[in-house]
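Colleague: Quick one: the structure is below, and I'll ask about it shortly.
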Amino acid sequence: MNYLYLYFFTLIITFSIIGYGFILSKIINKNLLRYNLGYIGLLGLLCLVIISYTTIYFTKHGYIHNIILHAFGIFSFIFHIKERKLNIDVVKLVILFSVLFCGLLVIRNHDDFNYYHFTYSLGLTENKLFLGLGNFQHGYKHHSSIFFLNSITFLPFIKYFLFHSISWITLVFINYIILDFVLKNNNLKKFDFNLIFYITVLLFINYKFFRIGSHGTDISGQLILLILLPFIYSSLKQNKINSDLDMVILLITYVVTLKAFFILNFIFLFAYVFFFKIKKLLNYILNTKTILISFLTIALLSSINISYTGCVIYPIKQTCFFDKFSWTIKKQQVEHLSQWYEVWAKSGAGPNYGADNLNEYIKNFNWVSNWYKRYFEYKGLETIGGILLLFILMFAIYYNKNRKPPKKNEKKIIVILYLLTLALLFEWFINRPTLRYGGYYLLCFTFFIPFSYFLSFRKIKFEKIKKYTTSLIIISFLLFNFKNISRIMTESEIVKEHNFPLFYAPIQTFKTIKLKNNVEVYIPNDTPKAQGCWVTKTPCVNGAANIGTKKKYGFTIFYNEN
């Protein structure tokens with residue numbers, strides 16, 4: 001029954017997400033409806049982020065809220081599928097859903113899951129928004145829209161056991177987008193930059209990011225950005241401004257809600273400046289609802305961040321309202337943690353080690369040698385090595401001495417996109433040089449762009465391209481399932497008292513702490529078998545010393561009394 005619950009509820013939620021994608025497309029620009037179900041699904045995630053950000057101010061994301069929400073989504077899905085006669089596309093999606101289903105089966109999630117991902121999401125299902133939760137512990141300071149999307153998967157029978165599913169659903173949408181492009185005969189015949197880039201991405205992500213339980217909050221954003229670059233390339237090649245620009249802006253807006261630093265990817269919009277007159281661009285932008293939706297999303301994101309920490313972007317102290325809101329985290333703490341996160345990203349601190357002088361460590365490039373030895377020599381070179389092995393495979397399969405001439409504007413587009421990539425890569429290296437913080441997609445761009453461009457000049461017969469590409473796709477899915485089956489077997493050995501196919505989530509006993517104004521918080525009674533909050537009444541905290549409470553405008557406010 002648990003297998004059926006997982007499959008059925010995830011499929012229903014996926015259809016509902018797509019239904020909201022149709023709604024958002026109609027609101028913004030009906031031309032967005034021409035994109036495939038993968039793109040519509042990503043727009044649906046953005047739409048649901050906007051809705052969940054809004055409703056949490058008024059009500060918790062419990063069963064009633066979520067049933068009503070998804071009922072509308074399913075109705076929209078059915079209506080638009082019938083109206084646009086997309087039955088065959090739905091069949092393709094369900095087949096892909098089923099092929100990748102093994103990836104949804106998780107016993108053991110990543111280390112931060114029980115630390116704050118699960119607790120943050122569960123709290124949204126039990127309470128409407130609190131102000132100042134960030135004063136309790138670090139987990140509540142770190143926001144991602146994926147926690148809000150998790151909370152709307154909370155449904156009867158399946159309960160909280162789909163809190164990891166949004167990353168998997170995103171992976172399904174990404175695979176669908178790539179396959180829809182790659183398997184079209186017209187695209188196969190061209191054998192151009194986009195086709196090669198998409199094939200490379202498909203092979204890379206299904207091998208590298210097969211373990212959904214380790215995705216965290218940022219991998220989904222990196223996957224979306226990986227398929228966005230060739231989309232931008234196609235958009236620029238058309239030499240006209242259309243709904244492609246809307247899609248680019250909307251998808252970057254969505255990934256910003258996953259991790260705030262993804263906002264830097266709006267730099268890719270500068271590529272359009274090199275090909276279109278500013279006046280023409282402004283005229284299009286000012287006459288579309290896309291910018292309005294983007295600003296609305298960023299505004300809601302900022303309000304949620306302020307509600308938890310008193311900062312628009314935590315821990316950037318320049319964005320904090322220290323003297324405006326009583327619940328704002330103290331300035332000294334923000335400054336300390338801002339430095340600490342930079343030190344951690346640059347391998348200056350870990351569970352069993354730490355730099356003697358943090359200020360000196362991050363100054364100039366003092367950190368580079370230690371970062372290289374402790375981090376990049378292991379994870380960075382491993383990732384680059386995997387990319388190079390992938391290139392060797394594709395080079396052996398697709399390389400041909402016969403060349404075809406480049407098409408008009410191709411080189412200029414590639415050069416501009418590559419320069420923008422290098423600018424982002426430099427910023428990443430200077431500020432947060434860890435792959436999880438945007439490094440994966442930037443490394444891929446750095447290698448994939450020149451490789452795809454080089455290979456796109458090869459002349460290959462259509463029959464061979466189709467045969468080779470189909471074989472690689474099949475191999476990709478076989479590897480994805482093989483690695484996930486192996487993972488499940490390993491996880492079952494690590495977690496002895498598991499509840500497979502549902503992930504490990506022990507129900508904990510807890511003690512109640514009563515604060516002022518009849519406000520209660522809960523501290524779990526940890527045991528060796530289950531550390532952290534896990535399934536504990538919320539708000540779950542690790543202590544409430546020096547925390548004051550007050551109620552104002554219908555909200556409960558937590559603040560630091562020191």
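Residue numbering restarts at 1 in every chain; chains get A, B, ... in the order shown in the structure tokens, and ligands count up from 1 in that same order.
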Would you kindly return, as an MDAnalysis selection string, each protein, DNA or RNA residue with an atom no farther than 6 Å from any atom of segment 177-183 of chain A, considering only C-alpha atoms and excluding same-chain residues fewer than 3 positions away?

Modeller: chainID A and resid 38 174 198

Colleague: Can you write out the residues you just picked, keeping all heavy atoms, as a PDB file, in the first residue's frame?

Modeller:
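Full text of again-v5.pdb as output:
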ATOM      1  N   GLY A  38       6.940  19.871 -19.311  1.00  0.00           N
ATOM      2  CA  GLY A  38       8.035  20.078 -18.373  1.00  0.00           C
ATOM      3  C   GLY A  38       8.168  21.542 -17.996  1.00  0.00           C
ATOM      4  O   GLY A  38       8.271  21.889 -16.815  1.00  0.00           O
ATOM      5  N   ILE A 174      12.650  18.200 -15.676  1.00  0.00           N
ATOM      6  CA  ILE A 174      13.877  18.479 -16.423  1.00  0.00           C
ATOM      7  C   ILE A 174      14.114  17.389 -17.464  1.00  0.00           C
ATOM      8  O   ILE A 174      14.448  17.674 -18.626  1.00  0.00           O
ATOM      9  CB  ILE A 174      15.085  18.584 -15.476  1.00  0.00           C
ATOM     10  CG1 ILE A 174      14.909  19.732 -14.485  1.00  0.00           C
ATOM     11  CG2 ILE A 174      16.380  18.742 -16.259  1.00  0.00           C
ATOM     12  CD1 ILE A 174      14.782  21.090 -15.120  1.00  0.00           C
ATOM     13  N   TYR A 198      21.984  19.342 -24.464  1.00  0.00           N
ATOM     14  CA  TYR A 198      20.906  18.652 -23.750  1.00  0.00           C
ATOM     15  C   TYR A 198      21.257  17.190 -23.477  1.00  0.00           C
ATOM     16  O   TYR A 198      20.995  16.672 -22.387  1.00  0.00           O
ATOM     17  CB  TYR A 198      19.606  18.724 -24.549  1.00  0.00           C
ATOM     18  CG  TYR A 198      18.804  19.983 -24.343  1.00  0.00           C
ATOM     19  CD1 TYR A 198      18.340  20.720 -25.435  1.00  0.00           C
ATOM     20  CD2 TYR A 198      18.489  20.437 -23.073  1.00  0.00           C
ATOM     21  CE1 TYR A 198      17.592  21.876 -25.255  1.00  0.00           C
ATOM     22  CE2 TYR A 198      17.741  21.587 -22.877  1.00  0.00           C
ATOM     23  CZ  TYR A 198      17.293  22.305 -23.970  1.00  0.00           C
ATOM     24  OH  TYR A 198      16.561  23.444 -23.783  1.00  0.00           O
TER      25      TYR A 198
END

Colleague: Would you kindly return, as a PyMOL selection string, each protein, DNA or RNA residue with an atom no farther than 9 Å from any atom of segment 67-72 of chain A, considering only C-alpha atoms and excluding same-chain residues fewer than 3 positions away?

Modeller: chain A and resi 12-13+15-17+19-20+62-64+75-77+152+155-156

Colleague: Taking C-alpha atoms for each residue, export the selection above as a JSON list (two decimals), in the first residue's frame.

Modeller:
[["chain", "number", "residue", "atom", "x", "y", "z"],
["A", 12, "ILE", "CA", -1.66, 13.67, -8.34],
["A", 13, "ILE", "CA", 0.60, 16.41, -6.99],
["A", 15, "PHE", "CA", -0.66, 16.88, -12.29],
["A", 16, "SER", "CA", -1.79, 19.62, -9.90],
["A", 17, "ILE", "CA", 1.54, 21.45, -10.31],
["A", 19, "GLY", "CA", -2.42, 22.59, -13.68],
["A", 20, "TYR", "CA", -1.12, 25.67, -11.87],
["A", 62, "GLY", "CA", -2.93, 21.53, 6.73],
["A", 63, "TYR", "CA", -5.09, 18.89, 5.08],
["A", 64, "ILE", "CA", -8.01, 21.22, 4.27],
["A", 75, "PHE", "CA", -9.32, 20.66, -12.36],
["A", 76, "SER", "CA", -7.06, 23.06, -14.26],
["A", 77, "PHE", "CA", -4.89, 20.16, -15.45],
["A", 152, "ILE", "CA", 1.61, 21.59, 0.38],
["A", 155, "LEU", "CA", -2.10, 15.15, 2.57],
["A", 156, "PRO", "CA", -4.21, 12.43, 4.26]]

Colleague: Using only C-alpha atoms, which residues sit within 9 Å of Phe9 of chain A once same-chain residues fewer than 6 positions away are excluded, as JSON, numbers by chain?

Modeller: {"A": [153, 155, 158, 162]}

Colleague: I'd like to know which of A:Tyr176, A:Tyr284, A:Val312, A:Ser144 is closest to Leu202 of chain A, using only C-alpha atoms.

Modeller: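 Smallest separation from Leu202 of chain A among the options: A:Tyr176.
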
Colleague: Near segment 223-238 of chain A, counting only C-alpha atoms, which residues have an atom at most 10 Å away, once you skip same-chain residues fewer than 6 positions from it, shown as number ranges by chain?

Modeller: A: 39, 42, 167, 170-171, 173-175, 177-178, 193-198, 201-202, 205, 209, 244-245, 247-248, 251-252, 254-255, 262, 265, 268-269, 271-272, 274-276, 407-410, 413-414, 417, 421, 438, 440-442, 444-445, 448-449

Colleague: Rounded to one decimal place, report the atom CA of Thr217 of chain A-atom CA of Ile146 of chain A distance in Å.

Modeller: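 Distance between the two atoms: 6.5 Å.
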
Colleague: So which residues of segment 182-386 of chain A fall under strand (DSSP E or B) by DSSP, listed as a PyMOL selection string?

Modeller: chain A and resi 311+320+349-350+353-354

Colleague: Taking only C-alpha atoms into account, which of A:Thr14, A:Val90, A:Ile513, A:Leu24 comes nearest Asn36 of chain A?

Modeller: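 Closest residue, counting only C-alpha atoms: A:Val90.
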
Colleague: Mind checking which residues fall within 7 Å of segment 114-129 of chain A, counting only C-alpha atoms, ignoring those fewer than 2 positions away in the same chain, and posting them as number ranges by chain?

Modeller: A: 56-62, 111-112, 131, 139-140, 147-148, 150-151, 532-534, 538-539

Colleague: Just the selected residues (N, CA and C atoms), exported as a PDB file, in the first residue's frame, please.

Modeller:
ATOM      1  N   ILE A  56       0.185  31.388   3.859  1.00  0.00           N
ATOM      2  CA  ILE A  56       0.733  31.075   5.183  1.00  0.00           C
ATOM      3  C   ILE A  56       0.534  32.229   6.151  1.00  0.00           C
ATOM      4  N   TYR A  57       0.297  33.433   5.662  1.00  0.00           N
ATOM      5  CA  TYR A  57       0.020  34.572   6.543  1.00  0.00           C
ATOM      6  C   TYR A  57      -1.367  34.467   7.180  1.00  0.00           C
ATOM      7  N   PHE A  58      -2.219  33.629   6.585  1.00  0.00           N
ATOM      8  CA  PHE A  58      -3.603  33.554   7.057  1.00  0.00           C
ATOM      9  C   PHE A  58      -3.982  32.200   7.643  1.00  0.00           C
ATOM     10  N   THR A  59      -3.323  31.143   7.186  1.00  0.00           N
ATOM     11  CA  THR A  59      -3.708  29.809   7.656  1.00  0.00           C
ATOM     12  C   THR A  59      -2.545  28.831   7.496  1.00  0.00           C
ATOM     13  N   LYS A  60      -2.587  27.768   8.276  1.00  0.00           N
ATOM     14  CA  LYS A  60      -1.575  26.724   8.143  1.00  0.00           C
ATOM     15  C   LYS A  60      -1.833  25.911   6.871  1.00  0.00           C
ATOM     16  N   HIS A  61      -0.802  25.220   6.408  1.00  0.00           N
ATOM     17  CA  HIS A  61      -0.921  24.373   5.225  1.00  0.00           C
ATOM     18  C   HIS A  61      -1.289  22.947   5.652  1.00  0.00           C
ATOM     19  N   GLY A  62      -2.455  22.834   6.270  1.00  0.00           N
ATOM     20  CA  GLY A  62      -2.933  21.531   6.730  1.00  0.00           C
ATOM     21  C   GLY A  62      -3.699  20.795   5.645  1.00  0.00           C
ATOM     22  N   ASP A 111      21.881  14.984   5.883  1.00  0.00           N
ATOM     23  CA  ASP A 111      22.067  15.319   7.298  1.00  0.00           C
ATOM     24  C   ASP A 111      21.233  16.512   7.748  1.00  0.00           C
ATOM     25  N   ASP A 112      21.015  17.485   6.853  1.00  0.00           N
ATOM     26  CA  ASP A 112      20.253  18.675   7.235  1.00  0.00           C
ATOM     27  C   ASP A 112      18.751  18.436   7.256  1.00  0.00           C
ATOM     28  N   LEU A 131       6.468  35.111  13.584  1.00  0.00           N
ATOM     29  CA  LEU A 131       7.488  36.116  13.321  1.00  0.00           C
ATOM     30  C   LEU A 131       8.645  35.926  14.292  1.00  0.00           C
ATOM     31  N   GLY A 139      18.467  26.700  11.908  1.00  0.00           N
ATOM     32  CA  GLY A 139      17.619  26.137  10.859  1.00  0.00           C
ATOM     33  C   GLY A 139      16.521  27.074  10.396  1.00  0.00           C
ATOM     34  N   TYR A 140      15.923  27.798  11.313  1.00  0.00           N
ATOM     35  CA  TYR A 140      14.834  28.707  10.955  1.00  0.00           C
ATOM     36  C   TYR A 140      15.332  29.980  10.270  1.00  0.00           C
ATOM     37  N   PHE A 147      10.727  24.456   1.157  1.00  0.00           N
ATOM     38  CA  PHE A 147      10.052  24.106   2.408  1.00  0.00           C
ATOM     39  C   PHE A 147       8.547  24.370   2.288  1.00  0.00           C
ATOM     40  N   PHE A 148       8.189  25.452   1.620  1.00  0.00           N
ATOM     41  CA  PHE A 148       6.779  25.784   1.428  1.00  0.00           C
ATOM     42  C   PHE A 148       6.131  24.823   0.441  1.00  0.00           C
ATOM     43  N   ASN A 150       7.150  21.756   0.034  1.00  0.00           N
ATOM     44  CA  ASN A 150       7.022  20.522   0.826  1.00  0.00           C
ATOM     45  C   ASN A 150       5.720  20.526   1.608  1.00  0.00           C
ATOM     46  N   SER A 151       5.424  21.670   2.227  1.00  0.00           N
ATOM     47  CA  SER A 151       4.263  21.733   3.124  1.00  0.00           C
ATOM     48  C   SER A 151       2.941  21.496   2.395  1.00  0.00           C
ATOM     49  N   GLY A 532      17.604  15.245  16.937  1.00  0.00           N
ATOM     50  CA  GLY A 532      16.935  16.312  16.206  1.00  0.00           C
ATOM     51  C   GLY A 532      15.440  16.291  16.444  1.00  0.00           C
ATOM     52  N   CYS A 533      14.733  17.153  15.749  1.00  0.00           N
ATOM     53  CA  CYS A 533      13.292  17.282  15.979  1.00  0.00           C
ATOM     54  C   CYS A 533      12.482  16.131  15.402  1.00  0.00           C
ATOM     55  N   TRP A 534      12.758  15.799  14.126  1.00  0.00           N
ATOM     56  CA  TRP A 534      11.962  14.791  13.437  1.00  0.00           C
ATOM     57  C   TRP A 534      10.473  15.070  13.623  1.00  0.00           C
ATOM     58  N   THR A 538       5.288  21.248  16.609  1.00  0.00           N
ATOM     59  CA  THR A 538       5.991  22.481  16.261  1.00  0.00           C
ATOM     60  C   THR A 538       5.315  23.706  16.868  1.00  0.00           C
ATOM     61  N   PRO A 539       6.080  24.806  17.096  1.00  0.00           N
ATOM     62  CA  PRO A 539       7.485  24.968  16.723  1.00  0.00           C
ATOM     63  C   PRO A 539       8.435  24.183  17.621  1.00  0.00           C
TER      64      PRO A 539
END

Colleague: Can you measure atom CA of Ile28 of chain A to atom CA of Thr288 of chain A for me? One decimal in Å is fine.

Modeller: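 So the two atoms, atom CA of Ile28 of chain A and atom CA of Thr288 of chain A, lie 7.0 Å apart.
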
Colleague: Hey, which of A:Asn283, A:Thr383, A:Gln333, A:Asn481 ends up closest to Leu443 of chain A? Count only C-alpha atoms.

Modeller: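 Between A:Asn283, A:Thr383, A:Gln333, A:Asn481, the residue approaching Leu443 of chain A most closely is A:Thr383.
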
Colleague: Excluding same-chain residues fewer than 2 positions from Gly380 of chain A, what lies within 12 Å of it counting only C-alpha atoms, as an NGL selection string?

Modeller: :A and (371-378 or 382-387 or 429 or 433-436 or 439-440 or 442-444)

Colleague: Could you check how far atom CA of Ser456 of chain A sits from atom CA of Asp192 of chain A, in Å to one decimal?

Modeller: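 Between atom CA of Ser456 of chain A and atom CA of Asp192 of chain A the gap is 4.7 Å.
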
Colleague: Identify, on the basis of only C-alpha atoms, every residue whose closest approach to Phe558 of chain A does not exceed 12 Å; exclude the query and any residue fewer than 5 positions from it along the same chain; express the result as a PyMOL selection string.

Modeller: chain A and resi 129-137+307-310+325-329+515-517+519-521+539+544-552

Colleague: With distances taken over only C-alpha atoms, which residue among A:Leu422, A:Ile460, A:Ile306, A:Lys26 lies nearest Thr446 of chain A?

Modeller: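 Of A:Leu422, A:Ile460, A:Ile306, A:Lys26, the one nearest Thr446 of chain A is A:Leu422, counting only C-alpha atoms.
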
Colleague: Within segment 313-417 of chain A, find each residue whose DSSP state, derived from the backbone, is alpha helix (DSSP H), and express the selection as a ChimeraX atom specification.

Modeller: /A:331-345,358-362,368-371,381-398,410-417

Colleague: Find the residue from A:Val415, A:Leu282, A:Leu6, A:Ile81 that sits nearest to Tyr160 of chain A; use only C-alpha atoms when measuring.

Modeller: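 Answer, going by the shortest atom-to-atom distance: A:Leu6.
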